[in-house]
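Novice: One structure, pasted below without further comment.
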Amino acid sequence: MAHPDLDELARRPARYWNIDGLPELIMGLLWMAWGGAWLVSQSVPRDWRWTAYWLLVPPALALGGVAGGWATRRLKARITFPRAGYVQWRQPDARSRILVGAGIVVVAGALALLVLTGPVRSVEQKAPAVISVILSLSFVAVGLRQRAPHFLALAAVVVALALAIGTVASGWESMNWLFVALGAACALVGTVRLTLFLRAHPPSLAEGL
């Protein structure tokens, strides 16, 4: 008698969560908004408008991240679950949360050390490369963990975009354009995957459920 692969069973809820492309679509739109907002800030006059911009936009972007999670869940309840059924998302265990928190602390500490020990110009030049590497490795980790080739493809897109944008822009501007371009790539991947999902799971298949 064959024994079930427990690791495979544990990965299924996460893969199911990404079955329809909605998370990639919403994430891409958010990244485009964040990168675009930072790019717009470069053209804001350094007077009261600059102060008002930085008082209003960062909280709005943070709320946008929260709204993105809410929108994803609502869209899944309306589009995905009636077609493919409902699979409860398994909340990360304490060990996973500790590892993620430790990773964030390490990255934040590394960036803070870079800021404190290097000149401003050096930090501006190095930060985009550091963030590109972090994003690429994150996509690779998720792709391998969930056995999702499209995340591996997005990891390659990060590298390609970073190299391409680095030839026409530098510093924080290149990082902001990277988020805009990567957001557009994620949104495109999400749209394609959502279209394929809807074609493979028409509403008629769910009518008898």
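Residues are named by chain letter and number: chains run A, B, ... in the order of the structure tokens, numbers start at 1 in each chain, and ligands are numbered from 1 in the order shown.
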Just the residues within 12 Å of Ile79 of chain A, please, counting only C-alpha atoms, with nothing from its chain fewer than 4 positions along; format it as a list in words.
Specialist: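 Skipping anything fewer than 4 positions along the chain leaves Ile19, Asp20, Gly21, Leu22, Ala71, Thr72, Arg73, Arg74, Leu75, Arg83, Ala84, Gly85, Tyr86, Leu194, Thr195, Phe197, Leu198, His201, Pro202, Pro203 and Ala206 of chain A.
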Novice: Save out the residues we just selected, N, CA, C and O atoms, as a PDB file, in the first residue's frame.
Specialist:
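After the write, part-v2.pdb holds the following:
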```
ATOM      1  N   ILE A  19      -4.317  28.944  -7.820  1.00  0.00           N
ATOM      2  CA  ILE A  19      -4.767  28.215  -8.999  1.00  0.00           C
ATOM      3  C   ILE A  19      -5.373  29.123 -10.065  1.00  0.00           C
ATOM      4  O   ILE A  19      -5.363  28.798 -11.253  1.00  0.00           O
ATOM      5  N   ASP A  20      -5.886  30.286  -9.663  1.00  0.00           N
ATOM      6  CA  ASP A  20      -6.662  31.113 -10.583  1.00  0.00           C
ATOM      7  C   ASP A  20      -5.935  32.372 -11.061  1.00  0.00           C
ATOM      8  O   ASP A  20      -6.457  33.119 -11.885  1.00  0.00           O
ATOM      9  N   GLY A  21      -4.736  32.649 -10.556  1.00  0.00           N
ATOM     10  CA  GLY A  21      -4.005  33.839 -10.976  1.00  0.00           C
ATOM     11  C   GLY A  21      -4.415  35.127 -10.283  1.00  0.00           C
ATOM     12  O   GLY A  21      -3.784  36.168 -10.502  1.00  0.00           O
ATOM     13  N   LEU A  22      -5.433  35.067  -9.438  1.00  0.00           N
ATOM     14  CA  LEU A  22      -5.885  36.294  -8.769  1.00  0.00           C
ATOM     15  C   LEU A  22      -4.825  36.899  -7.839  1.00  0.00           C
ATOM     16  O   LEU A  22      -4.637  38.120  -7.840  1.00  0.00           O
ATOM     17  N   ALA A  71      -9.712  42.242  -1.311  1.00  0.00           N
ATOM     18  CA  ALA A  71     -10.257  42.078  -2.659  1.00  0.00           C
ATOM     19  C   ALA A  71      -9.987  40.676  -3.199  1.00  0.00           C
ATOM     20  O   ALA A  71     -10.837  40.084  -3.874  1.00  0.00           O
ATOM     21  N   THR A  72      -8.792  40.147  -2.908  1.00  0.00           N
ATOM     22  CA  THR A  72      -8.467  38.797  -3.370  1.00  0.00           C
ATOM     23  C   THR A  72      -9.427  37.777  -2.785  1.00  0.00           C
ATOM     24  O   THR A  72      -9.937  36.894  -3.493  1.00  0.00           O
ATOM     25  N   ARG A  73      -9.684  37.884  -1.488  1.00  0.00           N
ATOM     26  CA  ARG A  73     -10.608  36.936  -0.841  1.00  0.00           C
ATOM     27  C   ARG A  73     -12.022  37.076  -1.395  1.00  0.00           C
ATOM     28  O   ARG A  73     -12.717  36.069  -1.618  1.00  0.00           O
ATOM     29  N   ARG A  74     -12.475  38.306  -1.615  1.00  0.00           N
ATOM     30  CA  ARG A  74     -13.821  38.505  -2.139  1.00  0.00           C
ATOM     31  C   ARG A  74     -13.952  37.962  -3.560  1.00  0.00           C
ATOM     32  O   ARG A  74     -14.966  37.339  -3.915  1.00  0.00           O
ATOM     33  N   LEU A  75     -12.937  38.198  -4.386  1.00  0.00           N
ATOM     34  CA  LEU A  75     -12.982  37.708  -5.764  1.00  0.00           C
ATOM     35  C   LEU A  75     -12.948  36.182  -5.798  1.00  0.00           C
ATOM     36  O   LEU A  75     -13.617  35.558  -6.627  1.00  0.00           O
ATOM     37  N   ARG A  83     -16.559  27.584  -8.686  1.00  0.00           N
ATOM     38  CA  ARG A  83     -16.136  26.773  -9.824  1.00  0.00           C
ATOM     39  C   ARG A  83     -15.279  25.575  -9.419  1.00  0.00           C
ATOM     40  O   ARG A  83     -15.353  24.525 -10.036  1.00  0.00           O
ATOM     41  N   ALA A  84     -14.419  25.761  -8.420  1.00  0.00           N
ATOM     42  CA  ALA A  84     -13.449  24.716  -8.079  1.00  0.00           C
ATOM     43  C   ALA A  84     -13.568  24.218  -6.656  1.00  0.00           C
ATOM     44  O   ALA A  84     -12.781  23.383  -6.230  1.00  0.00           O
ATOM     45  N   GLY A  85     -14.558  24.731  -5.914  1.00  0.00           N
ATOM     46  CA  GLY A  85     -14.706  24.299  -4.534  1.00  0.00           C
ATOM     47  C   GLY A  85     -13.864  25.136  -3.590  1.00  0.00           C
ATOM     48  O   GLY A  85     -13.059  25.979  -4.004  1.00  0.00           O
ATOM     49  N   TYR A  86     -14.063  24.897  -2.318  1.00  0.00           N
ATOM     50  CA  TYR A  86     -13.381  25.689  -1.289  1.00  0.00           C
ATOM     51  C   TYR A  86     -12.369  24.822  -0.557  1.00  0.00           C
ATOM     52  O   TYR A  86     -12.684  23.708  -0.136  1.00  0.00           O
ATOM     53  N   LEU A 194      -5.844  33.586 -14.929  1.00  0.00           N
ATOM     54  CA  LEU A 194      -7.262  33.707 -14.613  1.00  0.00           C
ATOM     55  C   LEU A 194      -8.114  33.357 -15.822  1.00  0.00           C
ATOM     56  O   LEU A 194      -9.136  32.660 -15.703  1.00  0.00           O
ATOM     57  N   THR A 195      -7.709  33.813 -16.998  1.00  0.00           N
ATOM     58  CA  THR A 195      -8.437  33.485 -18.224  1.00  0.00           C
ATOM     59  C   THR A 195      -8.452  31.976 -18.464  1.00  0.00           C
ATOM     60  O   THR A 195      -9.490  31.391 -18.782  1.00  0.00           O
ATOM     61  N   PHE A 197      -8.056  29.661 -16.212  1.00  0.00           N
ATOM     62  CA  PHE A 197      -8.867  29.041 -15.159  1.00  0.00           C
ATOM     63  C   PHE A 197     -10.355  29.124 -15.483  1.00  0.00           C
ATOM     64  O   PHE A 197     -11.092  28.151 -15.325  1.00  0.00           O
ATOM     65  N   LEU A 198     -10.798  30.292 -15.939  1.00  0.00           N
ATOM     66  CA  LEU A 198     -12.214  30.466 -16.257  1.00  0.00           C
ATOM     67  C   LEU A 198     -12.627  29.576 -17.425  1.00  0.00           C
ATOM     68  O   LEU A 198     -13.744  29.040 -17.438  1.00  0.00           O
ATOM     69  N   HIS A 201     -12.858  26.022 -16.045  1.00  0.00           N
ATOM     70  CA  HIS A 201     -13.881  25.820 -15.011  1.00  0.00           C
ATOM     71  C   HIS A 201     -15.070  26.728 -15.305  1.00  0.00           C
ATOM     72  O   HIS A 201     -15.295  27.725 -14.600  1.00  0.00           O
ATOM     73  N   PRO A 202     -15.840  26.425 -16.345  1.00  0.00           N
ATOM     74  CA  PRO A 202     -17.021  27.245 -16.648  1.00  0.00           C
ATOM     75  C   PRO A 202     -18.069  27.118 -15.556  1.00  0.00           C
ATOM     76  O   PRO A 202     -18.097  26.117 -14.819  1.00  0.00           O
ATOM     77  N   PRO A 203     -18.946  28.106 -15.410  1.00  0.00           N
ATOM     78  CA  PRO A 203     -19.956  28.067 -14.340  1.00  0.00           C
ATOM     79  C   PRO A 203     -20.857  26.841 -14.409  1.00  0.00           C
ATOM     80  O   PRO A 203     -21.332  26.379 -13.395  1.00  0.00           O
ATOM     81  N   ALA A 206     -20.242  23.977 -12.099  1.00  0.00           N
ATOM     82  CA  ALA A 206     -20.498  24.145 -10.669  1.00  0.00           C
ATOM     83  C   ALA A 206     -21.980  24.199 -10.330  1.00  0.00           C
ATOM     84  O   ALA A 206     -22.340  24.273  -9.171  1.00  0.00           O
TER      85      ALA A 206
END
```
Novice: Fewer than 2 positions away in the same chain doesn't count, so skip those; otherwise give me all residues within 7 Å of segment 29-37 of chain A, counting only C-alpha atoms, as a VMD selection string.
Specialist: chain A and resid 25 to 27 39 to 41 61 65 176 to 177 179 to 180 183 to 184 187
Novice: Keeping only all heavy atoms, write the selected residues as a CSV table (one decimal), in the first residue's frame.
Specialist:
```
chain,number,residue,atom,x,y,z
A,25,LEU,N,-2.4,38.7,-10.0
A,25,LEU,CA,-3.0,39.9,-10.6
A,25,LEU,C,-3.1,41.1,-9.6
A,25,LEU,O,-2.7,42.2,-9.9
A,25,LEU,CB,-4.4,39.6,-11.1
A,25,LEU,CG,-5.2,40.7,-11.7
A,25,LEU,CD1,-4.5,41.4,-12.8
A,25,LEU,CD2,-6.6,40.2,-12.1
A,26,ILE,N,-3.6,40.8,-8.4
A,26,ILE,CA,-3.7,41.8,-7.4
A,26,ILE,C,-2.4,42.3,-6.9
A,26,ILE,O,-2.1,43.5,-6.8
A,26,ILE,CB,-4.5,41.3,-6.2
A,26,ILE,CG1,-5.9,40.9,-6.6
A,26,ILE,CG2,-4.6,42.4,-5.1
A,26,ILE,CD1,-6.8,42.0,-7.2
A,27,MET,N,-1.4,41.4,-6.7
A,27,MET,CA,-0.1,41.8,-6.3
A,27,MET,C,0.6,42.7,-7.4
A,27,MET,O,1.2,43.7,-7.1
A,27,MET,CB,0.8,40.5,-6.1
A,27,MET,CG,2.2,40.8,-5.7
A,27,MET,SD,3.2,39.3,-5.3
A,27,MET,CE,3.1,38.5,-6.9
A,39,LEU,N,7.6,57.2,-8.2
A,39,LEU,CA,8.0,57.9,-9.3
A,39,LEU,C,7.4,59.3,-9.4
A,39,LEU,O,8.0,60.3,-9.7
A,39,LEU,CB,7.7,57.1,-10.6
A,39,LEU,CG,8.6,55.9,-10.9
A,39,LEU,CD1,8.0,55.1,-12.1
A,39,LEU,CD2,10.0,56.3,-11.1
A,40,VAL,N,6.1,59.4,-9.1
A,40,VAL,CA,5.4,60.6,-9.1
A,40,VAL,C,6.0,61.6,-8.0
A,40,VAL,O,6.1,62.8,-8.3
A,40,VAL,CB,3.9,60.4,-8.8
A,40,VAL,CG1,3.2,61.8,-8.5
A,40,VAL,CG2,3.2,59.7,-10.0
A,41,SER,N,6.4,61.0,-6.9
A,41,SER,CA,7.0,61.9,-5.8
A,41,SER,C,8.2,62.6,-6.3
A,41,SER,O,8.5,63.7,-5.8
A,41,SER,CB,7.3,61.0,-4.6
A,41,SER,OG,8.5,60.2,-4.9
A,61,LEU,N,-1.0,53.8,0.5
A,61,LEU,CA,-0.4,52.6,-0.1
A,61,LEU,C,-0.5,51.5,0.9
A,61,LEU,O,-0.7,50.3,0.5
A,61,LEU,CB,1.1,52.9,-0.4
A,61,LEU,CG,1.3,53.9,-1.6
A,61,LEU,CD1,2.8,54.2,-1.7
A,61,LEU,CD2,0.7,53.5,-2.9
A,65,GLY,N,-2.5,47.8,0.4
A,65,GLY,CA,-2.1,46.4,0.6
A,65,GLY,C,-3.1,45.6,1.4
A,65,GLY,O,-3.4,44.5,1.0
A,176,ASN,N,12.1,52.0,-8.6
A,176,ASN,CA,10.7,52.3,-8.8
A,176,ASN,C,10.2,51.8,-10.1
A,176,ASN,O,9.1,51.2,-10.2
A,176,ASN,CB,10.5,53.8,-8.7
A,176,ASN,CG,10.8,54.3,-7.3
A,176,ASN,OD1,10.7,53.6,-6.3
A,176,ASN,ND2,11.3,55.6,-7.2
A,177,TRP,N,11.0,52.0,-11.2
A,177,TRP,CA,10.6,51.4,-12.5
A,177,TRP,C,10.6,49.9,-12.4
A,177,TRP,O,9.7,49.3,-13.1
A,177,TRP,CB,11.5,51.9,-13.5
A,177,TRP,CG,11.2,53.3,-14.0
A,177,TRP,CD1,12.0,54.4,-13.9
A,177,TRP,CD2,10.0,53.7,-14.7
A,177,TRP,NE1,11.3,55.5,-14.5
A,177,TRP,CE2,10.1,55.1,-15.0
A,177,TRP,CE3,8.9,53.0,-15.2
A,177,TRP,CZ2,9.2,55.8,-15.7
A,177,TRP,CZ3,7.9,53.8,-15.8
A,177,TRP,CH2,8.1,55.1,-16.1
A,179,PHE,N,9.6,48.1,-9.9
A,179,PHE,CA,8.3,47.7,-9.3
A,179,PHE,C,7.2,47.9,-10.3
A,179,PHE,O,6.3,47.0,-10.4
A,179,PHE,CB,8.1,48.5,-8.0
A,179,PHE,CG,8.7,47.9,-6.8
A,179,PHE,CD1,9.9,48.4,-6.3
A,179,PHE,CD2,8.1,46.8,-6.2
A,179,PHE,CE1,10.4,47.8,-5.2
A,179,PHE,CE2,8.7,46.2,-5.1
A,179,PHE,CZ,9.8,46.7,-4.5
A,180,VAL,N,7.2,49.0,-11.1
A,180,VAL,CA,6.2,49.2,-12.1
A,180,VAL,C,6.2,48.1,-13.1
A,180,VAL,O,5.2,47.5,-13.4
A,180,VAL,CB,6.3,50.6,-12.7
A,180,VAL,CG1,5.4,50.7,-13.9
A,180,VAL,CG2,6.1,51.7,-11.7
A,183,GLY,N,5.4,44.7,-11.6
A,183,GLY,CA,3.9,44.7,-11.3
A,183,GLY,C,3.1,44.4,-12.6
A,183,GLY,O,2.2,43.6,-12.6
A,184,ALA,N,3.5,45.0,-13.7
A,184,ALA,CA,2.9,44.8,-15.0
A,184,ALA,C,3.0,43.3,-15.4
A,184,ALA,O,2.1,42.7,-15.9
A,184,ALA,CB,3.4,45.7,-16.1
A,187,ALA,N,0.8,41.2,-13.2
A,187,ALA,CA,-0.6,41.4,-13.5
A,187,ALA,C,-0.9,40.7,-14.8
A,187,ALA,O,-2.0,40.1,-15.0
A,187,ALA,CB,-0.9,42.9,-13.7
```
Novice: Between atom CA of Val189 of chain A and atom CA of Leu161 of chain A, what distance in Å does the model show, to one decimal?
Specialist: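 These atoms are spaced 15.2 Å apart.
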Novice: Leaving out Pro149 of chain A and any residue of its chain fewer than 6 positions from it, which residues lie within 10 Å of it when counting only C-alpha atoms, given as a list in words?
Specialist: Phe139, Val140, Val142, Gly143 and Ala155 of chain A
Novice: Please produce a file of the residues just selected, as a compact mmCIF listing (two decimals), in the first residue's frame, where the atoms kept are C-alpha atoms.
Specialist:
```txt
# COMPACT_ATOMS: atom_id res chain seq x y z
CA PHE A 139 9.98 33.87 -6.28
CA VAL A 140 12.38 30.92 -6.57
CA VAL A 142 7.82 29.97 -3.60
CA GLY A 143 8.10 28.31 -7.01
CA ALA A 155 12.16 35.14 -10.80
```
Novice: Let me make sure I understand: among A:Val158, A:Glu24, A:Leu144, A:Leu182, which one has the smallest atom-to-atom distance to Val130 of chain A if we use only C-alpha atoms?
Specialist: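 The closest residue to Val130 of chain A is A:Val158.
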Novice: Given the choices A:Pro23, A:Gly190, A:Gly64, A:Pro128, which gets closest to Ala169 of chain A if the distance is worked out from only C-alpha atoms?
Specialist: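 Among A:Pro23, A:Gly190, A:Gly64, A:Pro128, it is A:Pro128 that comes nearest to Ala169 of chain A.
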